[in-house]
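Next comes data.cif, a file with mmCIF, C-alpha atoms and all ligand atoms.
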data_my_file
#
loop_
_atom_site.group_PDB
_atom_site.id
_atom_site.type_symbol
_atom_site.label_atom_id
_atom_site.label_comp_id
_atom_site.auth_asym_id
_atom_site.auth_seq_id
_atom_site.Cartn_x
_atom_site.Cartn_y
_atom_site.Cartn_z
ATOM 1 C CA MET A 1 -82.879 -28.896 108.911
ATOM 2 C CA HIS A 2 -81.589 -25.302 109.430
ATOM 3 C CA LYS A 3 -80.433 -23.809 112.729
ATOM 4 C CA VAL A 4 -80.364 -20.145 113.739
ATOM 5 C CA ILE A 5 -76.762 -19.291 114.727
ATOM 6 C CA GLU A 6 -74.744 -16.168 115.623
ATOM 7 C CA PRO A 7 -71.339 -16.403 113.901
ATOM 8 C CA LYS A 8 -68.775 -13.641 114.522
ATOM 9 C CA ILE A 9 -68.092 -13.169 110.805
ATOM 10 C CA LEU A 10 -69.914 -13.770 107.522
ATOM 11 C CA TYR A 11 -66.936 -14.307 105.219
ATOM 12 C CA PHE A 12 -68.625 -16.615 102.738
ATOM 13 C CA GLY A 13 -65.661 -16.612 100.341
ATOM 14 C CA THR A 14 -64.167 -13.819 98.204
ATOM 15 C CA SER A 15 -60.865 -13.446 96.416
ATOM 16 C CA VAL A 16 -57.818 -12.126 98.229
ATOM 17 C CA VAL A 17 -56.520 -8.780 96.921
ATOM 18 C CA LEU A 18 -53.138 -7.203 97.655
ATOM 19 C CA ILE A 19 -53.614 -3.418 97.675
ATOM 20 C CA SER A 20 -50.626 -1.203 97.125
ATOM 21 C CA THR A 21 -50.806 2.477 98.018
ATOM 22 C CA MET A 22 -48.217 5.203 98.540
ATOM 23 C CA ASN A 23 -47.223 6.408 102.015
ATOM 24 C CA GLU A 24 -46.621 10.119 102.739
ATOM 25 C CA ASP A 25 -42.833 9.550 102.538
ATOM 26 C CA GLY A 26 -43.003 8.122 98.995
ATOM 27 C CA THR A 27 -42.555 4.452 100.023
ATOM 28 C CA PRO A 28 -45.175 1.856 99.079
ATOM 29 C CA ASN A 29 -47.531 0.080 101.479
ATOM 30 C CA LEU A 30 -48.984 -3.333 100.657
ATOM 31 C CA SER A 31 -51.920 -4.956 102.442
ATOM 32 C CA PRO A 32 -53.960 -8.108 101.999
ATOM 33 C CA MET A 33 -57.724 -7.743 102.028
ATOM 34 C CA SER A 34 -60.630 -9.829 100.792
ATOM 35 C CA SER A 35 -63.885 -7.875 101.187
ATOM 36 C CA ALA A 36 -63.875 -6.993 97.495
ATOM 37 C CA TRP A 37 -66.435 -7.355 94.729
ATOM 38 C CA TRP A 38 -66.520 -6.382 91.077
ATOM 39 C CA LEU A 39 -69.039 -4.717 88.777
ATOM 40 C CA ASN A 40 -68.244 -3.639 85.228
ATOM 41 C CA GLN A 41 -64.919 -1.779 85.394
ATOM 42 C CA SER A 42 -65.266 -0.968 89.098
ATOM 43 C CA CYS A 43 -64.419 -2.628 92.365
ATOM 44 C CA MET A 44 -65.859 -2.038 95.835
ATOM 45 C CA LEU A 45 -63.382 -2.573 98.670
ATOM 46 C CA GLY A 46 -64.455 -2.969 102.297
ATOM 47 C CA MET A 47 -61.818 -1.767 104.761
ATOM 48 C CA SER A 48 -61.385 0.089 108.029
ATOM 49 C CA ARG A 49 -60.488 3.784 107.993
ATOM 50 C CA LYS A 50 -57.942 2.891 110.674
ATOM 51 C CA SER A 51 -55.808 1.013 108.141
ATOM 52 C CA LYS A 52 -52.858 2.773 106.553
ATOM 53 C CA THR A 53 -54.205 1.633 103.190
ATOM 54 C CA VAL A 54 -57.439 3.621 103.518
ATOM 55 C CA GLN A 55 -55.614 6.700 104.826
ATOM 56 C CA ASN A 56 -53.226 6.506 101.852
ATOM 57 C CA LEU A 57 -56.115 5.985 99.416
ATOM 58 C CA ILE A 58 -58.042 8.999 100.702
ATOM 59 C CA ARG A 59 -54.940 11.205 100.351
ATOM 60 C CA GLU A 60 -53.538 9.868 97.048
ATOM 61 C CA ARG A 61 -56.838 8.774 95.412
ATOM 62 C CA GLU A 62 -55.187 5.838 93.629
ATOM 63 C CA CYS A 63 -53.973 2.294 94.235
ATOM 64 C CA VAL A 64 -53.101 -0.995 92.566
ATOM 65 C CA LEU A 65 -55.111 -4.164 93.188
ATOM 66 C CA SER A 66 -52.895 -7.203 92.582
ATOM 67 C CA LEU A 67 -54.660 -10.560 92.691
ATOM 68 C CA PRO A 68 -52.554 -13.471 93.961
ATOM 69 C CA SER A 69 -53.095 -17.042 92.815
ATOM 70 C CA ILE A 70 -52.956 -19.886 95.327
ATOM 71 C CA ASP A 71 -49.180 -20.344 95.047
ATOM 72 C CA LEU A 72 -48.727 -16.974 96.842
ATOM 73 C CA ILE A 73 -50.355 -18.090 100.113
ATOM 74 C CA PRO A 74 -46.941 -18.051 101.913
ATOM 75 C CA ALA A 75 -46.395 -14.406 100.859
ATOM 76 C CA VAL A 76 -49.880 -13.415 102.083
ATOM 77 C CA ASP A 77 -49.119 -15.217 105.349
ATOM 78 C CA ARG A 78 -45.973 -13.135 105.787
ATOM 79 C CA LEU A 79 -48.071 -9.934 105.414
ATOM 80 C CA THR A 80 -50.675 -11.065 107.930
ATOM 81 C CA LEU A 81 -50.796 -9.109 111.233
ATOM 82 C CA LEU A 82 -48.645 -6.308 109.816
ATOM 83 C CA THR A 83 -49.630 -2.676 109.391
ATOM 84 C CA GLY A 84 -48.014 0.302 107.741
ATOM 85 C CA SER A 85 -49.348 2.489 110.589
ATOM 86 C CA ASN A 86 -46.759 3.719 113.086
ATOM 87 C CA PRO A 87 -47.613 3.752 115.959
ATOM 88 C CA VAL A 88 -49.821 0.647 115.673
ATOM 89 C CA PRO A 89 -53.406 1.563 116.635
ATOM 90 C CA ASP A 90 -54.327 0.137 120.070
ATOM 91 C CA SER A 91 -57.070 -2.118 118.751
ATOM 92 C CA LYS A 92 -54.558 -3.715 116.371
ATOM 93 C CA ALA A 93 -51.692 -3.917 118.884
ATOM 94 C CA GLN A 94 -53.995 -5.878 121.197
ATOM 95 C CA ARG A 95 -54.567 -8.407 118.392
ATOM 96 C CA GLY A 96 -50.813 -8.853 117.833
ATOM 97 C CA TYR A 97 -50.282 -6.519 114.836
ATOM 98 C CA LYS A 98 -46.785 -5.103 114.296
ATOM 99 C CA TYR A 99 -45.600 -2.069 112.289
ATOM 100 C CA GLU A 100 -43.702 -2.891 109.103
ATOM 101 C CA ALA A 101 -42.222 -0.243 106.797
ATOM 102 C CA ASP A 102 -41.071 -2.670 104.081
ATOM 103 C CA LYS A 103 -44.052 -4.923 103.372
ATOM 104 C CA PHE A 104 -42.839 -5.880 99.879
ATOM 105 C CA GLY A 105 -39.463 -6.955 101.312
ATOM 106 C CA VAL A 106 -40.957 -8.921 104.217
ATOM 107 C CA ALA A 107 -43.393 -10.700 101.902
ATOM 108 C CA GLY A 108 -40.664 -11.514 99.362
ATOM 109 C CA LEU A 109 -42.665 -9.743 96.659
ATOM 110 C CA THR A 110 -41.315 -7.450 93.932
ATOM 111 C CA PRO A 111 -42.648 -3.915 93.311
ATOM 112 C CA LEU A 112 -43.123 -3.197 89.616
ATOM 113 C CA PRO A 113 -43.739 0.373 88.350
ATOM 114 C CA SER A 114 -47.305 1.086 87.233
ATOM 115 C CA LEU A 115 -48.299 2.975 84.097
ATOM 116 C CA LEU A 116 -50.938 5.399 85.440
ATOM 117 C CA VAL A 117 -50.547 5.492 89.221
ATOM 118 C CA GLN A 118 -47.630 5.972 91.627
ATOM 119 C CA ALA A 119 -48.279 2.797 93.646
ATOM 120 C CA PRO A 120 -46.374 -0.251 92.359
ATOM 121 C CA ARG A 121 -47.869 -3.500 91.040
ATOM 122 C CA VAL A 122 -46.916 -6.840 92.595
ATOM 123 C CA LYS A 123 -44.806 -8.610 89.973
ATOM 124 C CA GLU A 124 -45.600 -12.130 91.216
ATOM 125 C CA CYS A 125 -49.405 -11.623 90.929
ATOM 126 C CA PRO A 126 -50.917 -12.756 87.602
ATOM 127 C CA VAL A 127 -53.531 -9.965 87.723
ATOM 128 C CA GLN A 128 -52.554 -6.320 88.398
ATOM 129 C CA LEU A 129 -55.190 -3.585 88.240
ATOM 130 C CA GLU A 130 -54.341 0.119 88.407
ATOM 131 C CA ALA A 131 -57.257 1.968 89.984
ATOM 132 C CA LYS A 132 -58.478 5.461 90.891
ATOM 133 C CA LEU A 133 -60.694 6.334 93.861
ATOM 134 C CA VAL A 134 -64.244 7.313 92.872
ATOM 135 C CA LYS A 135 -66.094 7.609 96.164
ATOM 136 C CA LEU A 136 -66.047 6.566 99.806
ATOM 137 C CA HIS A 137 -69.273 5.084 101.183
ATOM 138 C CA PRO A 138 -69.047 5.143 104.998
ATOM 139 C CA PHE A 139 -70.776 2.423 107.030
ATOM 140 C CA GLU A 140 -73.227 3.569 109.667
ATOM 141 C CA GLU A 141 -71.503 5.404 112.571
ATOM 142 C CA PRO A 142 -69.743 4.630 114.862
ATOM 143 C CA SER A 143 -68.256 2.009 112.509
ATOM 144 C CA SER A 144 -64.828 2.821 111.073
ATOM 145 C CA LEU A 145 -65.601 0.689 108.015
ATOM 146 C CA VAL A 146 -65.883 2.197 104.561
ATOM 147 C CA ALA A 147 -66.825 0.770 101.195
ATOM 148 C CA ILE A 148 -64.329 2.242 98.762
ATOM 149 C CA GLU A 149 -65.449 2.525 95.159
ATOM 150 C CA VAL A 150 -62.505 2.425 92.756
ATOM 151 C CA ARG A 151 -62.488 2.480 88.965
ATOM 152 C CA ILE A 152 -60.051 0.141 87.224
ATOM 153 C CA GLU A 153 -58.066 2.199 84.712
ATOM 154 C CA LYS A 154 -55.349 -0.195 83.500
ATOM 155 C CA ILE A 155 -55.416 -3.997 83.468
ATOM 156 C CA HIS A 156 -52.243 -6.120 83.367
ATOM 157 C CA ILE A 157 -52.717 -9.884 82.938
ATOM 158 C CA GLU A 158 -50.187 -12.699 82.867
ATOM 159 C CA GLU A 159 -50.256 -13.901 79.248
ATOM 160 C CA LYS A 160 -50.744 -17.541 80.228
ATOM 161 C CA LEU A 161 -54.216 -16.671 81.567
ATOM 162 C CA LEU A 162 -55.516 -15.341 78.260
ATOM 163 C CA MET A 163 -58.023 -17.201 76.148
ATOM 164 C CA ASN A 164 -56.491 -18.778 73.048
ATOM 165 C CA GLY A 165 -57.165 -16.504 70.077
ATOM 166 C CA ASN A 166 -58.889 -13.824 72.221
ATOM 167 C CA PRO A 167 -56.238 -11.571 73.784
ATOM 168 C CA ASN A 168 -58.811 -9.387 75.587
ATOM 169 C CA TYR A 169 -60.397 -12.275 77.509
ATOM 170 C CA ILE A 170 -59.209 -14.052 80.613
ATOM 171 C CA ASP A 171 -59.796 -17.798 80.418
ATOM 172 C CA PRO A 172 -61.557 -18.710 83.682
ATOM 173 C CA ALA A 173 -60.239 -22.256 83.381
ATOM 174 C CA LYS A 174 -56.681 -20.901 83.618
ATOM 175 C CA TRP A 175 -57.184 -18.466 86.527
ATOM 176 C CA ASN A 176 -57.032 -19.922 90.011
ATOM 177 C CA PRO A 177 -57.760 -17.110 92.492
ATOM 178 C CA MET A 178 -56.922 -17.333 96.171
ATOM 179 C CA ILE A 179 -60.217 -17.371 98.035
ATOM 180 C CA MET A 180 -60.597 -16.443 101.684
ATOM 181 C CA ASN A 181 -63.428 -18.535 103.057
ATOM 182 C CA PHE A 182 -64.122 -17.836 106.766
ATOM 183 C CA CYS A 183 -60.465 -16.828 107.372
ATOM 184 C CA GLU A 184 -59.057 -19.946 105.650
ATOM 185 C CA TYR A 185 -57.555 -20.109 102.151
ATOM 186 C CA PHE A 186 -59.064 -22.115 99.301
ATOM 187 C CA GLY A 187 -58.622 -22.361 95.538
ATOM 188 C CA LEU A 188 -61.430 -23.053 93.073
ATOM 189 C CA SER A 189 -62.622 -26.442 91.897
ATOM 190 C CA GLU A 190 -62.618 -27.296 88.199
ATOM 191 C CA GLN A 191 -65.484 -25.970 86.056
ATOM 192 C CA LEU A 192 -68.713 -27.778 86.912
ATOM 193 C CA SER A 193 -71.017 -26.819 84.048
ATOM 194 C CA ALA A 194 -71.462 -24.255 81.297
ATOM 195 C CA SER A 195 -73.187 -20.993 82.307
ATOM 196 C CA LYS A 196 -75.856 -19.328 80.161
ATOM 197 C CA LEU A 197 -74.156 -15.985 80.894
ATOM 198 C CA ALA A 198 -70.830 -16.965 79.321
ATOM 199 C CA PRO A 199 -71.958 -16.484 75.706
ATOM 200 C CA VAL A 200 -73.332 -13.027 76.605
ATOM 201 C CA PHE A 201 -70.121 -11.723 78.198
ATOM 202 C CA GLY A 202 -67.719 -14.136 76.521
ATOM 203 C CA PRO A 203 -65.503 -13.747 73.472
ATOM 204 C CA ASP A 204 -68.239 -13.790 70.811
ATOM 205 C CA PRO A 205 -68.211 -10.220 69.370
ATOM 206 C CA VAL A 206 -71.864 -10.393 68.230
ATOM 207 C CA PHE A 207 -73.154 -10.754 71.777
ATOM 208 C CA ILE A 208 -70.697 -8.201 73.175
ATOM 209 C CA ALA A 209 -71.885 -5.497 70.765
ATOM 210 C CA ASP A 210 -75.455 -6.169 71.819
ATOM 211 C CA HIS A 211 -75.378 -5.860 75.611
ATOM 212 C CA ASP A 212 -75.709 -2.604 77.534
ATOM 213 C CA GLY A 213 -72.596 -3.068 79.644
ATOM 214 C CA GLU A 214 -74.479 -2.695 82.881
ATOM 215 C CA GLY A 215 -73.581 -6.105 84.292
ATOM 216 C CA PRO A 216 -75.231 -9.522 84.298
ATOM 217 C CA ARG A 217 -78.861 -9.686 83.207
ATOM 218 C CA GLU A 218 -81.370 -12.383 83.973
ATOM 219 C CA GLY A 219 -82.381 -15.010 81.452
HETATM 220 C C1 LIG B 1 -56.343 -12.620 103.791
HETATM 221 C C2 LIG B 1 -56.659 -11.348 104.509
HETATM 222 C C3 LIG B 1 -57.802 -10.657 104.202
HETATM 223 C C4 LIG B 1 -58.110 -9.461 104.845
HETATM 224 N N1 LIG B 1 -59.242 -8.789 104.493
HETATM 225 C C5 LIG B 1 -59.482 -7.574 105.022
HETATM 226 C C6 LIG B 1 -60.600 -6.818 104.577
HETATM 227 O O1 LIG B 1 -61.341 -7.238 103.686
HETATM 228 N N2 LIG B 1 -60.802 -5.592 105.126
HETATM 229 C C7 LIG B 1 -59.965 -5.091 106.101
HETATM 230 O O2 LIG B 1 -60.206 -3.964 106.580
HETATM 231 N N3 LIG B 1 -58.899 -5.788 106.533
HETATM 232 C C8 LIG B 1 -58.632 -7.011 106.008
HETATM 233 N N4 LIG B 1 -57.537 -7.710 106.419
HETATM 234 C C9 LIG B 1 -56.676 -7.135 107.476
HETATM 235 C C10 LIG B 1 -55.702 -6.098 106.905
HETATM 236 O O3 LIG B 1 -54.744 -6.726 106.081
HETATM 237 C C11 LIG B 1 -55.024 -5.415 108.086
HETATM 238 O O4 LIG B 1 -55.940 -4.531 108.688
HETATM 239 C C12 LIG B 1 -53.740 -4.689 107.744
HETATM 240 O O5 LIG B 1 -53.157 -4.232 108.938
HETATM 241 C C13 LIG B 1 -53.923 -3.511 106.833
HETATM 242 O O6 LIG B 1 -52.632 -2.983 106.630
HETATM 243 P P1 LIG B 1 -52.389 -1.409 106.660
HETATM 244 O O7 LIG B 1 -52.799 -0.912 108.035
HETATM 245 O O8 LIG B 1 -50.918 -1.265 106.406
HETATM 246 O O9 LIG B 1 -53.239 -0.850 105.601
HETATM 247 C C14 LIG B 1 -57.229 -8.935 105.821
HETATM 248 C C15 LIG B 1 -56.058 -9.637 106.130
HETATM 249 C C16 LIG B 1 -55.774 -10.818 105.478
HETATM 250 C C17 LIG B 1 -54.499 -11.545 105.817
#
Entire entry expressed as structure tokens:
Amino acid sequence: MHKVIEPKILYFGTSVVLISTMNEDGTPNLSPMSSAWWLNQSCMLGMSRKSKTVQNLIRERECVLSLPSIDLIPAVDRLTLLTGSNPVPDSKAQRGYKYEADKFGVAGLTPLPSLLVQAPRVKECPVQLEAKLVKLHPFEEPSSLVAIEVRIEKIHIEEKLLMNGNPNYIDPAKWNPMIMNFCEYFGLSEQLSASKLAPVFGPDPVFIADHDGEGPREG
């Protein structure tokens, strides 16, 4: 039996990303977000233009996406309801947001220099992705939301997550992303079954050489 309902949000579960960008004064900003999805070497990020992060990204055209695992929930909590915007936009102030200049410090996270971009990586995150802005896709007006297409240019992975014998592959059994599911945090369950896609994109070089690189295919 299905019911027609009208929920306020449709956050069906995506991984939490910590985005670092550079402020005008050369200090870093760090913000949690979770409207992110991945295709090939690109990521699409859904955020409001009113956030400091988006303003920094438009100006600097680069960022770092650091992916926390579930043990970093307390750090993400400490970043929640903070903004790098000063003054705090009215709509945010009404929801209890406060300005914070030192988000790394408040979160207890360590900035680590990046190789290609100015924004720092988050040392404690097992996955750190240096990225460049490709294009902004605005939502329909008057929405302030934008889908931000970024290209991942440098990938840093905690060694423990790598597949044994295949240094260019992340072992999904070892990676436990932090998932935001309707504004609550979850991890992943253990693997349930083998996927037919895994041999196509997995570590077998024969299959890799054969596919067109344009993302998952049916069959
Ligand atoms: C777990 C989590 C996920 C979030 N996901 C998003 C998101 O996908 N898009 C967005 O615009 N804001 C999201 N937010 C809210 C931003 O973190 C918030 O707007 C923050 O003030 C942005 O900081 P900034 O203004 O310094 O960029 C999320 C917050 C948390 C704690």
Padding of 4 Å on every side, edges along x, y and z, all listed atoms of range 105-119 of chain A included: what centre and edge lengths in Å, to one decimal, does that box have, as AutoDock Vina command-line options?
--center_x -45.2 --center_y -2.8 --center_z 94.2 --size_x 19.5 --size_y 25.5 --size_z 28.1
Can you pull out every residue with an atom within 7 Å of ligand LIG 1 (chain B)? Use all atoms listed in the file and format it as number ranges by chain. A: 16, 29-36, 46-48, 50-54, 76-77, 79-85, 97, 180, 183
Generate a file of the selected residues that holds C-alpha atoms, formatted as a PDB file, in the frame of the given file.
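The result, stored in selection-v3.pdb:
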ATOM      1  CA  VAL A  16     -57.818 -12.126  98.229  1.00  0.00           C
ATOM      2  CA  ASN A  29     -47.531   0.080 101.479  1.00  0.00           C
ATOM      3  CA  LEU A  30     -48.984  -3.333 100.657  1.00  0.00           C
ATOM      4  CA  SER A  31     -51.920  -4.956 102.442  1.00  0.00           C
ATOM      5  CA  PRO A  32     -53.960  -8.108 101.999  1.00  0.00           C
ATOM      6  CA  MET A  33     -57.724  -7.743 102.028  1.00  0.00           C
ATOM      7  CA  SER A  34     -60.630  -9.829 100.792  1.00  0.00           C
ATOM      8  CA  SER A  35     -63.885  -7.875 101.187  1.00  0.00           C
ATOM      9  CA  ALA A  36     -63.875  -6.993  97.495  1.00  0.00           C
ATOM     10  CA  GLY A  46     -64.455  -2.969 102.297  1.00  0.00           C
ATOM     11  CA  MET A  47     -61.818  -1.767 104.761  1.00  0.00           C
ATOM     12  CA  SER A  48     -61.385   0.089 108.029  1.00  0.00           C
ATOM     13  CA  LYS A  50     -57.942   2.891 110.674  1.00  0.00           C
ATOM     14  CA  SER A  51     -55.808   1.013 108.141  1.00  0.00           C
ATOM     15  CA  LYS A  52     -52.858   2.773 106.553  1.00  0.00           C
ATOM     16  CA  THR A  53     -54.205   1.633 103.190  1.00  0.00           C
ATOM     17  CA  VAL A  54     -57.439   3.621 103.518  1.00  0.00           C
ATOM     18  CA  VAL A  76     -49.880 -13.415 102.083  1.00  0.00           C
ATOM     19  CA  ASP A  77     -49.119 -15.217 105.349  1.00  0.00           C
ATOM     20  CA  LEU A  79     -48.071  -9.934 105.414  1.00  0.00           C
ATOM     21  CA  THR A  80     -50.675 -11.065 107.930  1.00  0.00           C
ATOM     22  CA  LEU A  81     -50.796  -9.109 111.233  1.00  0.00           C
ATOM     23  CA  LEU A  82     -48.645  -6.308 109.816  1.00  0.00           C
ATOM     24  CA  THR A  83     -49.630  -2.676 109.391  1.00  0.00           C
ATOM     25  CA  GLY A  84     -48.014   0.302 107.741  1.00  0.00           C
ATOM     26  CA  SER A  85     -49.348   2.489 110.589  1.00  0.00           C
ATOM     27  CA  TYR A  97     -50.282  -6.519 114.836  1.00  0.00           C
ATOM     28  CA  MET A 180     -60.597 -16.443 101.684  1.00  0.00           C
ATOM     29  CA  CYS A 183     -60.465 -16.828 107.372  1.00  0.00           C
TER      30      CYS A 183
END
Which of these, A:Pro87, A:Gly26, A:Gly202, A:Pro111, has the shortest distance to Glu60 in chain A once you count all atoms listed in the file? A:Gly26
Suppose a student applies the PyMOL selection byres (((chain A and resi 158-162) around 10) and not hetatm) to this structure; what residues should they get, written as JSON, numbers by chain? {"A": [123, 124, 125, 126, 127, 128, 156, 157, 163, 164, 165, 166, 167, 168, 169, 170, 171, 172, 173, 174, 175, 176]}
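Going from CA of Ala147 in chain A to CA of Met44 in chain A covers 6.1 Å.
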I'd like the interatomic distance between CA of Phe104 in chain A and CA of Val17 in chain A, to a tenth of an Å. 14.3 Å
Between CA of Gly13 in chain A and CA of Glu184 in chain A, what is the spacing in Å? 9.1 Å
What residues have an atom no more than 6 Å from (-68.4, 1.4, 100.0) in the file's own frame, counting only C-alpha atoms, and can you write them as a PyMOL selection string? chain A and resi 44+136-137+146-149
Point out the residue among A:Pro199, A:Ser143, A:His2, A:Val117 with the least atom-to-atom distance to Arg61 in chain A, counting only C-alpha atoms.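 Ranked by minimum distance to Arg61 in chain A, first place goes to A:Val117.
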Between A:Thr14, A:Ile73, A:Pro120, A:Asn86, which one has atoms that come closest to Ala107 in chain A, using only C-alpha atoms?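 That would be A:Ile73, the residue with the smallest distance to Ala107 in chain A.
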Nearest residue to Phe12 in chain A from the set A:Leu145, A:Ile179, A:Leu109, A:Val134 (distances using all atoms listed in the file):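 Residue with the minimum atom-to-atom distance to Phe12 in chain A: A:Ile179.
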So which one's closest to Trp37 in chain A, A:Leu72, A:Leu65, A:Ile9, A:Leu115? Using all atoms listed in the file, please.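 Closest residue, counting all atoms listed in the file: A:Leu65.
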Using only C-alpha atoms, can you tell me which of A:Val200, A:Ile70, A:Ala119, A:Val106 comes closest to Thr21 in chain A?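 Once distances to Thr21 in chain A are computed over only C-alpha atoms, the minimum belongs to A:Ala119.
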What do you get, as a list in words, if you spell out every residue that the PyMOL selection byres (((chain A and resi 130) around 10) and not hetatm) selects here? Ile19, Ser20, Glu62, Cys63, Val64, Leu65, Ser66, Ser114, Leu115, Leu116, Val117, Gln118, Ala119, Pro120, Arg121, Gln128, Leu129, Ala131, Lys132, Val150, Arg151, Ile152, Glu153, Lys154, Ile155 and His156 of chain A
